[in-house]
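> Enclosed is the structure file final-v3.cif (mmCIF, C-alpha atoms and all ligand atoms).
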data_input
loop_
_atom_site.label_atom_id
_atom_site.label_comp_id
_atom_site.auth_asym_id
_atom_site.auth_seq_id
_atom_site.Cartn_x
_atom_site.Cartn_y
_atom_site.Cartn_z
CA MET A 29 -22.62 -33.05 -23.25
CA GLN A 30 -24.36 -36.15 -22.00
CA LEU A 31 -23.27 -37.62 -18.70
CA ILE A 32 -22.65 -41.39 -18.71
CA ASP A 33 -24.24 -42.85 -15.59
CA GLY A 34 -21.97 -45.64 -14.37
CA LYS A 35 -24.07 -46.18 -11.29
CA GLN A 36 -27.16 -46.97 -13.31
CA ILE A 37 -25.39 -49.11 -15.91
CA SER A 38 -23.48 -51.05 -13.23
CA ALA A 39 -26.78 -51.75 -11.45
CA GLN A 40 -28.06 -53.45 -14.61
CA VAL A 41 -24.90 -55.60 -14.88
CA LYS A 42 -25.19 -56.55 -11.19
CA GLU A 43 -28.89 -57.43 -11.67
CA ARG A 44 -27.86 -59.85 -14.41
CA ALA A 45 -25.16 -61.37 -12.18
CA ALA A 46 -27.70 -61.69 -9.35
CA ALA A 47 -30.14 -63.51 -11.65
CA GLU A 48 -27.40 -65.94 -12.71
CA THR A 49 -26.34 -66.51 -9.10
CA ALA A 50 -29.95 -67.33 -8.21
CA LYS A 51 -30.12 -69.82 -11.10
CA LEU A 52 -26.86 -71.44 -9.98
CA SER A 53 -28.19 -71.66 -6.45
CA GLU A 54 -31.17 -73.67 -7.77
CA GLN A 55 -28.62 -76.03 -9.33
CA GLY A 56 -26.92 -76.42 -5.96
CA VAL A 57 -23.98 -74.12 -6.72
CA ALA A 58 -23.18 -71.45 -4.10
CA VAL A 59 -20.99 -68.72 -5.62
CA CYS A 60 -18.14 -67.52 -3.38
CA LEU A 61 -15.47 -64.81 -3.73
CA ALA A 62 -12.46 -64.62 -1.41
CA VAL A 63 -11.31 -61.02 -0.94
CA VAL A 64 -7.79 -60.50 0.41
CA ILE A 65 -6.58 -57.15 1.73
CA VAL A 66 -3.12 -56.59 3.22
CA GLY A 67 -2.46 -53.53 5.39
CA ASP A 68 -4.66 -50.54 6.02
CA ASP A 69 -4.56 -48.38 2.90
CA PRO A 70 -7.77 -46.33 3.25
CA ALA A 71 -8.56 -46.37 -0.50
CA SER A 72 -8.11 -50.16 -0.65
CA ARG A 73 -10.40 -50.52 2.37
CA ILE A 74 -13.15 -48.56 0.58
CA TYR A 75 -12.75 -50.61 -2.62
CA VAL A 76 -12.86 -53.90 -0.68
CA ASN A 77 -15.96 -52.81 1.25
CA ASN A 78 -17.66 -51.86 -2.04
CA LYS A 79 -16.75 -55.25 -3.54
CA LYS A 80 -18.21 -57.06 -0.52
CA LYS A 81 -21.37 -54.95 -0.78
CA ALA A 82 -21.73 -55.83 -4.46
CA CYS A 83 -21.31 -59.53 -3.60
CA ALA A 84 -24.12 -59.25 -1.06
CA PHE A 85 -26.34 -57.56 -3.67
CA CYS A 86 -25.65 -60.33 -6.20
CA GLY A 87 -26.15 -63.19 -3.75
CA ILE A 88 -22.46 -64.07 -3.87
CA ARG A 89 -20.91 -65.14 -0.58
CA SER A 90 -17.75 -63.14 0.18
CA GLU A 91 -15.01 -64.20 2.55
CA GLU A 92 -12.71 -61.42 3.70
CA TYR A 93 -9.09 -62.08 4.65
CA ALA A 94 -7.67 -58.89 6.21
CA LEU A 95 -3.97 -59.36 6.91
CA PRO A 96 -1.71 -56.94 8.80
CA ALA A 97 0.63 -54.56 6.94
CA GLU A 98 3.71 -56.52 8.07
CA THR A 99 2.50 -59.80 6.49
CA THR A 100 5.34 -61.57 4.67
CA GLU A 101 5.18 -62.73 1.07
CA GLU A 102 5.39 -66.36 2.28
CA GLU A 103 2.37 -65.86 4.52
CA LEU A 104 0.32 -64.32 1.72
CA LEU A 105 1.40 -67.04 -0.74
CA ALA A 106 0.34 -69.66 1.83
CA LEU A 107 -3.12 -68.07 2.01
CA VAL A 108 -3.39 -67.99 -1.79
CA GLU A 109 -2.46 -71.70 -1.91
CA LYS A 110 -5.13 -72.49 0.68
CA LEU A 111 -7.76 -70.57 -1.33
CA ASN A 112 -6.59 -72.22 -4.58
CA ALA A 113 -7.25 -75.61 -2.99
CA ASP A 114 -10.58 -74.69 -1.38
CA GLN A 115 -13.37 -76.13 -3.58
CA ALA A 116 -15.91 -73.74 -2.06
CA VAL A 117 -13.98 -70.66 -3.26
CA ASN A 118 -14.67 -69.76 -6.91
CA GLY A 119 -12.78 -66.48 -7.16
CA ILE A 120 -9.73 -65.00 -5.45
CA LEU A 121 -9.21 -61.25 -5.38
CA VAL A 122 -6.03 -59.84 -3.85
CA GLN A 123 -6.51 -56.09 -3.55
CA LEU A 124 -3.58 -54.08 -4.93
CA PRO A 125 -1.30 -52.33 -4.11
CA LEU A 126 0.45 -54.68 -1.70
CA PRO A 127 2.95 -53.54 0.94
CA ARG A 128 6.53 -53.03 -0.21
CA GLN A 129 7.92 -56.31 1.19
CA ILE A 130 5.57 -58.37 -1.01
CA ASN A 131 6.25 -58.95 -4.72
CA GLU A 132 2.92 -58.40 -6.49
CA GLU A 133 3.96 -60.31 -9.58
CA ARG A 134 4.75 -63.45 -7.60
CA VAL A 135 1.43 -63.24 -5.75
CA ILE A 136 -0.58 -62.80 -8.97
CA ALA A 137 1.32 -65.71 -10.55
CA ALA A 138 0.39 -67.91 -7.58
CA ILE A 139 -3.37 -67.49 -8.07
CA ARG A 140 -4.91 -70.36 -10.06
CA PRO A 141 -5.89 -68.82 -13.42
CA GLU A 142 -9.34 -70.44 -13.10
CA LYS A 143 -9.95 -68.41 -9.92
CA ASP A 144 -8.25 -65.19 -11.10
CA VAL A 145 -11.39 -63.05 -11.37
CA ASP A 146 -9.31 -59.86 -11.79
CA ALA A 147 -7.76 -61.40 -14.94
CA PHE A 148 -4.29 -60.33 -13.81
CA HIS A 149 -2.53 -63.71 -14.21
CA ALA A 150 -0.28 -64.00 -17.28
CA VAL A 151 -2.44 -66.86 -18.60
CA ASN A 152 -5.56 -64.68 -18.51
CA VAL A 153 -3.71 -61.63 -19.85
CA GLY A 154 -2.47 -63.79 -22.74
CA LYS A 155 -5.99 -65.04 -23.43
CA ILE A 156 -7.24 -61.45 -23.54
CA MET A 157 -4.50 -60.57 -26.01
CA ILE A 158 -5.48 -63.51 -28.25
CA GLY A 159 -9.13 -62.50 -27.96
CA ASN A 160 -10.39 -65.83 -26.58
CA TYR A 161 -10.92 -65.31 -22.88
CA ASP A 162 -13.03 -66.42 -19.91
CA PHE A 163 -12.49 -63.46 -17.59
CA LEU A 164 -12.95 -59.86 -18.64
CA PRO A 165 -10.36 -57.34 -17.46
CA CYS A 166 -12.62 -55.57 -14.91
CA THR A 167 -11.96 -51.87 -15.46
CA PRO A 168 -11.48 -52.02 -19.26
CA ALA A 169 -14.61 -54.17 -19.72
CA GLY A 170 -16.53 -51.67 -17.60
CA CYS A 171 -15.28 -48.85 -19.84
CA ILE A 172 -16.46 -50.73 -22.95
CA GLU A 173 -19.94 -51.07 -21.42
CA LEU A 174 -19.97 -47.32 -20.75
CA ILE A 175 -18.92 -46.54 -24.33
CA ASP A 176 -21.59 -48.93 -25.67
CA SER A 177 -24.22 -47.19 -23.54
CA THR A 178 -23.73 -44.00 -25.57
CA GLY A 179 -24.73 -45.75 -28.80
CA VAL A 180 -21.43 -44.62 -30.39
CA SER A 181 -19.91 -47.51 -32.31
CA ILE A 182 -16.22 -48.27 -31.64
CA GLU A 183 -15.64 -49.85 -35.06
CA GLY A 184 -13.30 -47.82 -37.24
CA LYS A 185 -13.04 -44.98 -34.71
CA ARG A 186 -9.88 -43.30 -33.49
CA CYS A 187 -9.43 -44.48 -29.90
CA VAL A 188 -6.75 -43.03 -27.66
CA VAL A 189 -5.83 -44.58 -24.31
CA ILE A 190 -3.67 -42.47 -22.00
CA GLY A 191 -1.79 -44.80 -19.66
CA ARG A 192 -0.10 -48.18 -20.21
CA SER A 193 -0.59 -50.05 -16.93
CA ASN A 194 -1.14 -53.80 -16.91
CA ILE A 195 -4.44 -53.33 -15.07
CA VAL A 196 -6.02 -50.68 -17.30
CA GLY A 197 -4.10 -49.17 -20.23
CA LYS A 198 -2.84 -52.30 -21.98
CA PRO A 199 -6.00 -54.46 -21.67
CA MET A 200 -8.15 -51.40 -22.51
CA ALA A 201 -6.29 -51.00 -25.81
CA MET A 202 -6.82 -54.72 -26.54
CA LEU A 203 -10.58 -54.59 -25.96
CA LEU A 204 -10.93 -51.51 -28.19
CA LEU A 205 -8.85 -53.30 -30.83
CA HIS A 206 -11.07 -56.42 -30.61
CA ARG A 207 -13.99 -54.08 -31.33
CA ASN A 208 -12.20 -52.81 -34.45
CA GLY A 209 -11.17 -49.45 -33.07
CA THR A 210 -7.99 -47.82 -34.38
CA VAL A 211 -6.06 -47.62 -31.14
CA THR A 212 -3.20 -45.42 -29.94
CA ILE A 213 -1.64 -45.89 -26.50
CA CYS A 214 -0.12 -42.72 -25.04
CA HIS A 215 2.06 -42.48 -21.94
CA SER A 216 4.43 -40.21 -20.04
CA ARG A 217 7.03 -40.23 -22.85
CA THR A 218 4.55 -39.49 -25.65
CA LYS A 219 5.38 -36.45 -27.74
CA ASN A 220 2.55 -34.17 -28.95
CA LEU A 221 0.11 -35.73 -26.50
CA SER A 222 -2.51 -32.99 -26.88
CA GLU A 223 -2.55 -33.31 -30.66
CA ILE A 224 -2.96 -37.09 -30.54
CA CYS A 225 -5.72 -36.90 -27.95
CA ARG A 226 -7.53 -34.25 -29.98
CA GLU A 227 -7.91 -36.76 -32.82
CA ALA A 228 -9.72 -39.24 -30.59
CA ASP A 229 -13.38 -40.05 -31.13
CA ILE A 230 -13.06 -42.14 -27.97
CA LEU A 231 -10.62 -40.99 -25.29
CA VAL A 232 -9.83 -43.11 -22.22
CA ALA A 233 -7.81 -41.43 -19.46
CA ALA A 234 -6.00 -43.74 -17.04
CA VAL A 235 -3.14 -41.58 -15.84
CA GLY A 236 -3.60 -41.11 -12.11
CA LYS A 237 -3.20 -37.32 -12.18
CA ALA A 238 -6.01 -34.93 -11.28
CA ASN A 239 -7.20 -32.65 -14.10
CA PHE A 240 -4.60 -34.07 -16.50
CA VAL A 241 -6.94 -34.02 -19.50
CA THR A 242 -7.82 -30.45 -20.36
CA ALA A 243 -10.41 -29.11 -22.82
CA ASP A 244 -7.82 -28.41 -25.55
CA MET A 245 -7.00 -32.16 -25.62
CA VAL A 246 -10.56 -33.19 -26.49
CA LYS A 247 -12.26 -33.34 -29.88
CA GLU A 248 -15.69 -31.74 -30.12
CA GLY A 249 -18.32 -34.42 -29.43
CA ALA A 250 -15.86 -37.13 -28.30
CA VAL A 251 -16.70 -39.92 -25.86
CA VAL A 252 -14.46 -39.33 -22.83
CA ILE A 253 -14.00 -42.09 -20.24
CA ASP A 254 -12.29 -41.04 -17.00
CA VAL A 255 -10.64 -43.96 -15.16
CA GLY A 256 -8.83 -41.68 -12.67
CA MET A 257 -9.45 -41.86 -8.92
CA ASN A 258 -7.42 -39.09 -7.36
CA ARG A 259 -7.83 -37.92 -3.79
CA LEU A 260 -7.34 -34.16 -3.51
CA ASP A 261 -5.85 -32.46 -0.45
CA ASN A 262 -9.36 -31.41 0.61
CA GLY A 263 -10.41 -35.08 0.64
CA LYS A 264 -12.50 -34.79 -2.53
CA LEU A 265 -12.31 -37.58 -5.10
CA CYS A 266 -11.60 -36.48 -8.64
CA GLY A 267 -10.71 -38.08 -11.95
CA ASP A 268 -7.98 -37.50 -14.54
CA VAL A 269 -10.23 -35.21 -16.58
CA ASP A 270 -10.84 -31.52 -15.92
CA PHE A 271 -14.58 -32.18 -15.69
CA GLU A 272 -15.89 -28.59 -15.85
CA ALA A 273 -13.88 -27.57 -18.90
CA VAL A 274 -14.09 -30.87 -20.79
CA SER A 275 -17.85 -31.11 -20.32
CA LYS A 276 -18.15 -28.07 -22.61
CA VAL A 277 -16.37 -29.92 -25.46
CA ALA A 278 -17.06 -33.65 -25.08
CA GLY A 279 -20.19 -35.33 -26.43
CA TYR A 280 -20.28 -37.85 -23.59
CA LEU A 281 -18.35 -37.88 -20.33
CA THR A 282 -18.15 -40.14 -17.26
CA PRO A 283 -18.26 -38.53 -13.81
CA VAL A 284 -15.92 -39.39 -10.91
CA PRO A 285 -17.23 -40.84 -8.67
CA GLY A 286 -20.14 -42.67 -10.30
CA GLY A 287 -18.54 -43.51 -13.65
CA VAL A 288 -15.95 -46.23 -14.17
CA GLY A 289 -15.56 -47.24 -10.48
CA PRO A 290 -18.91 -49.01 -10.09
CA MET A 291 -18.42 -50.70 -13.48
CA THR A 292 -15.13 -52.30 -12.35
CA ILE A 293 -16.95 -53.91 -9.45
CA ALA A 294 -19.89 -55.00 -11.59
CA THR A 295 -17.50 -56.77 -13.99
CA LEU A 296 -15.85 -58.48 -11.04
CA MET A 297 -19.27 -59.90 -10.12
CA GLN A 298 -19.75 -61.17 -13.70
CA ASN A 299 -16.33 -62.83 -13.60
CA THR A 300 -17.02 -64.49 -10.25
CA VAL A 301 -20.26 -65.99 -11.59
CA LYS A 302 -18.37 -67.14 -14.71
CA ALA A 303 -15.69 -68.77 -12.52
CA ALA A 304 -18.35 -70.68 -10.59
CA LYS A 305 -19.95 -71.85 -13.84
CA ILE A 306 -16.66 -73.05 -15.34
CA GLN A 307 -15.60 -74.82 -12.14
CA ASN A 308 -18.94 -76.63 -11.99
CA GLY A 309 -19.04 -77.51 -15.69
CA ILE A 310 -22.12 -75.34 -16.34
CA LYS A 311 -22.42 -73.94 -19.86
CA ASP A 312 -23.95 -70.53 -20.63
N1 LIG A 401 -6.33 -51.98 -7.21
C1 LIG A 401 -6.79 -51.04 -8.07
N2 LIG A 401 -7.64 -51.59 -8.95
C2 LIG A 401 -7.73 -52.89 -8.64
C3 LIG A 401 -8.47 -53.98 -9.20
O1 LIG A 401 -9.22 -53.86 -10.17
N3 LIG A 401 -8.29 -55.17 -8.58
C4 LIG A 401 -7.46 -55.34 -7.54
N4 LIG A 401 -7.33 -56.57 -7.01
N5 LIG A 401 -6.76 -54.35 -7.00
C5 LIG A 401 -6.90 -53.14 -7.56
#
Take the structure in the file and give it back as structure tokens.

Amino acid sequence: MQLIDGKQISAQVKERAAAETAKLSEQGVAVCLAVVIVGDDPASRIYVNNKKKACAFCGIRSEEYALPAETTEEELLALVEKLNADQAVNGILVQLPLPRQINEERVIAAIRPEKDVDAFHAVNVGKIMIGNYDFLPCTPAGCIELIDSTGVSIEGKRCVVIGRSNIVGKPMAMLLLHRNGTVTICHSRTKNLSEICREADILVAAVGKANFVTADMVKEGAVVIDVGMNRLDNGKLCGDVDFEAVSKVAGYLTPVPGGVGPMTIATLMQNTVKAAKIQNGIKD
């Protein structure tokens, strides 16, 4: 089994984003990402800190808006409106999940699609579905980069995605389809899950359950991408894949941490640069 090094591959993507940011700076364009976090979820805090760090690496200015857990939906929507109108802000990222009293769908819908660097807005989701899009869905696009790094072609392959979330599962299936994979989406109601997974040349696990994917679910030599980020009782971070067992069967496997996570952030940097280019009428 070959380990897929997300840290190294994400560094290359960030280098490219940094080079583009430097070029934009010469043209008088300062790239800026607004990062909004509501409440004090420790995982969200780590993600936001990592996103700010990546911005600093890429020469992107980040503005953090840390709001208290009791923030109302109206207050958050007012902030989004302010950032929508701010010419200096190219991208708006509202870290999810949001506290219970705030409707995530309404907040995502309020972000101007041109600044929606997560590609969560229905307009951007629709563009992804059509296959003609400006912003890449961050985690799925990162997974595609990791698959490409193995040299295994997606075209014509059996691809199985476990999980059907709007953030990962659904857009992941679309990107694999755009690359001419034969795609199956599995979920909690899927019958014969193990059998279906075992047919996959490319298996993407986005379930949110530690050690969900066991060795008997993996085809010999398959590319296995682990999107999971599960915190165990002992504080250790682990993915959706039983790493020890699956590493004996898979051809390629991503570690957690150091696999998909850094790629999500690297794609976010790419999207933020793209947003700045579009807003300033700069062609590739
Ligand atoms: N929460 C978990 N993943 C993500 C992500 O990619 N973007 C945002 N904004 N929140 C998340």
> Select, counting only C-alpha atoms, all protein, DNA and RNA residues no farther than 12 Å from (-13.4, -44.8, 0.0) in file coordinates, and express the selection as a list in words.
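Result, sorted by chain then residue number: Asp69, Pro70, Ala71, Ser72, Arg73, Ile74, Tyr75, Val76, Asn77, Asn78, Lys79, Met257, Asn258, Arg259, Gly263, Lys264, Leu265, Pro285 and Gly289 of chain A.
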> Name each residue within 10 Å of ligand LIG 401 (chain A), counting all atoms listed in the file, as a ChimeraX atom specification.
/A:63-65,71-72,75-76,79,120-126,136,144-148,165-168,195-196,257,289,292-293,295-296
> Just want the 10 Å neighbourhood of Glu227 in chain A, counted on only C-alpha atoms, with same-chain residues fewer than 3 positions away dropped. Output as a list in words.
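My list of contacting residues is Lys185, Arg186, Cys187, Val188, Ser222, Glu223, Ile224, Ile230, Leu231, Met245, Val246, Lys247, Glu248 and Ala250 of chain A.
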> Which residues come within 9 Å of range 269-278 of chain A, counting only C-alpha atoms, excluding same-chain residues fewer than 4 positions away, as a PDB file with C-alpha atoms, in the coordinates of the input?

ATOM      1  CA  MET A  29     -22.620 -33.050 -23.250  1.00  0.00           C
ATOM      2  CA  GLN A  30     -24.360 -36.150 -22.000  1.00  0.00           C
ATOM      3  CA  LEU A  31     -23.270 -37.620 -18.700  1.00  0.00           C
ATOM      4  CA  ALA A 233      -7.810 -41.430 -19.460  1.00  0.00           C
ATOM      5  CA  LYS A 237      -3.200 -37.320 -12.180  1.00  0.00           C
ATOM      6  CA  ALA A 238      -6.010 -34.930 -11.280  1.00  0.00           C
ATOM      7  CA  ASN A 239      -7.200 -32.650 -14.100  1.00  0.00           C
ATOM      8  CA  PHE A 240      -4.600 -34.070 -16.500  1.00  0.00           C
ATOM      9  CA  VAL A 241      -6.940 -34.020 -19.500  1.00  0.00           C
ATOM     10  CA  THR A 242      -7.820 -30.450 -20.360  1.00  0.00           C
ATOM     11  CA  ALA A 243     -10.410 -29.110 -22.820  1.00  0.00           C
ATOM     12  CA  ASP A 244      -7.820 -28.410 -25.550  1.00  0.00           C
ATOM     13  CA  MET A 245      -7.000 -32.160 -25.620  1.00  0.00           C
ATOM     14  CA  VAL A 246     -10.560 -33.190 -26.490  1.00  0.00           C
ATOM     15  CA  LYS A 247     -12.260 -33.340 -29.880  1.00  0.00           C
ATOM     16  CA  GLU A 248     -15.690 -31.740 -30.120  1.00  0.00           C
ATOM     17  CA  GLY A 249     -18.320 -34.420 -29.430  1.00  0.00           C
ATOM     18  CA  ALA A 250     -15.860 -37.130 -28.300  1.00  0.00           C
ATOM     19  CA  VAL A 251     -16.700 -39.920 -25.860  1.00  0.00           C
ATOM     20  CA  VAL A 252     -14.460 -39.330 -22.830  1.00  0.00           C
ATOM     21  CA  ILE A 253     -14.000 -42.090 -20.240  1.00  0.00           C
ATOM     22  CA  ASP A 254     -12.290 -41.040 -17.000  1.00  0.00           C
ATOM     23  CA  VAL A 255     -10.640 -43.960 -15.160  1.00  0.00           C
ATOM     24  CA  GLY A 256      -8.830 -41.680 -12.670  1.00  0.00           C
ATOM     25  CA  THR A 282     -18.150 -40.140 -17.260  1.00  0.00           C
ATOM     26  CA  PRO A 283     -18.260 -38.530 -13.810  1.00  0.00           C
ATOM     27  CA  VAL A 284     -15.920 -39.390 -10.910  1.00  0.00           C
TER      28      VAL A 284
END
> Suppose you want the space between CA of Glu48 in chain A and CA of Gly309 in chain A; what is it in Å?
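Distance reported for this atom pair: 14.6 Å.
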> If we count only C-alpha atoms and set the cut-off at 12 Å, which residues sit around Ala113 in chain A, ignoring sequence neighbours fewer than 5 positions away in its own chain? Please answer as a list in words.
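Near neighbours after the sequence-gap exclusion: Ala106, Leu107, Val108, Asn118, Gly119, Ile120, Ala138, Ile139, Arg140, Glu142 and Lys143 of chain A.
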> Output C-alpha atoms of each residue in that selection to a file, as a PDB file, keeping the file's coordinate frame.

ATOM      1  CA  ALA A 106       0.340 -69.660   1.830  1.00  0.00           C
ATOM      2  CA  LEU A 107      -3.120 -68.070   2.010  1.00  0.00           C
ATOM      3  CA  VAL A 108      -3.390 -67.990  -1.790  1.00  0.00           C
ATOM      4  CA  ASN A 118     -14.670 -69.760  -6.910  1.00  0.00           C
ATOM      5  CA  GLY A 119     -12.780 -66.480  -7.160  1.00  0.00           C
ATOM      6  CA  ILE A 120      -9.730 -65.000  -5.450  1.00  0.00           C
ATOM      7  CA  ALA A 138       0.390 -67.910  -7.580  1.00  0.00           C
ATOM      8  CA  ILE A 139      -3.370 -67.490  -8.070  1.00  0.00           C
ATOM      9  CA  ARG A 140      -4.910 -70.360 -10.060  1.00  0.00           C
ATOM     10  CA  GLU A 142      -9.340 -70.440 -13.100  1.00  0.00           C
ATOM     11  CA  LYS A 143      -9.950 -68.410  -9.920  1.00  0.00           C
TER      12      LYS A 143
END
> So that all listed atoms of range 96-108 of chain A fit with 6 Å spare on each side, what axis-aligned box centre and edge lengths in Å, to one decimal, would you give as lines of an AutoDock Vina configuration file?

center_x = 1.0
center_y = -62.1
center_z = 3.5
size_x = 20.8
size_y = 27.1
size_z = 22.6
> When you look at Lys311 in chain A with a cut-off of 12 Å (counting all atoms listed in the file), what residues show up, excluding the ones that are within fewer than 6 positions of it in the same chain? I need them as a PDB file with C-alpha atoms, in the frame of the given file.

ATOM      1  CA  GLU A  48     -27.400 -65.940 -12.710  1.00  0.00           C
ATOM      2  CA  LEU A  52     -26.860 -71.440  -9.980  1.00  0.00           C
ATOM      3  CA  VAL A 301     -20.260 -65.990 -11.590  1.00  0.00           C
ATOM      4  CA  LYS A 302     -18.370 -67.140 -14.710  1.00  0.00           C
ATOM      5  CA  ALA A 303     -15.690 -68.770 -12.520  1.00  0.00           C
ATOM      6  CA  ALA A 304     -18.350 -70.680 -10.590  1.00  0.00           C
ATOM      7  CA  LYS A 305     -19.950 -71.850 -13.840  1.00  0.00           C
TER       8      LYS A 305
END
> Would you mind listing what lies within 8 Å of range 97-105 of chain A as a list of chain:residue names, with only C-alpha atoms counted and same-chain residues fewer than 2 positions away left out?
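My reading of the contact set: A:Val66, A:Gly67, A:Asp68, A:Leu95, A:Leu107, A:Val108, A:Glu109, A:Pro127, A:Gln129, A:Ile130, A:Asn131, A:Val135, A:Ala138.
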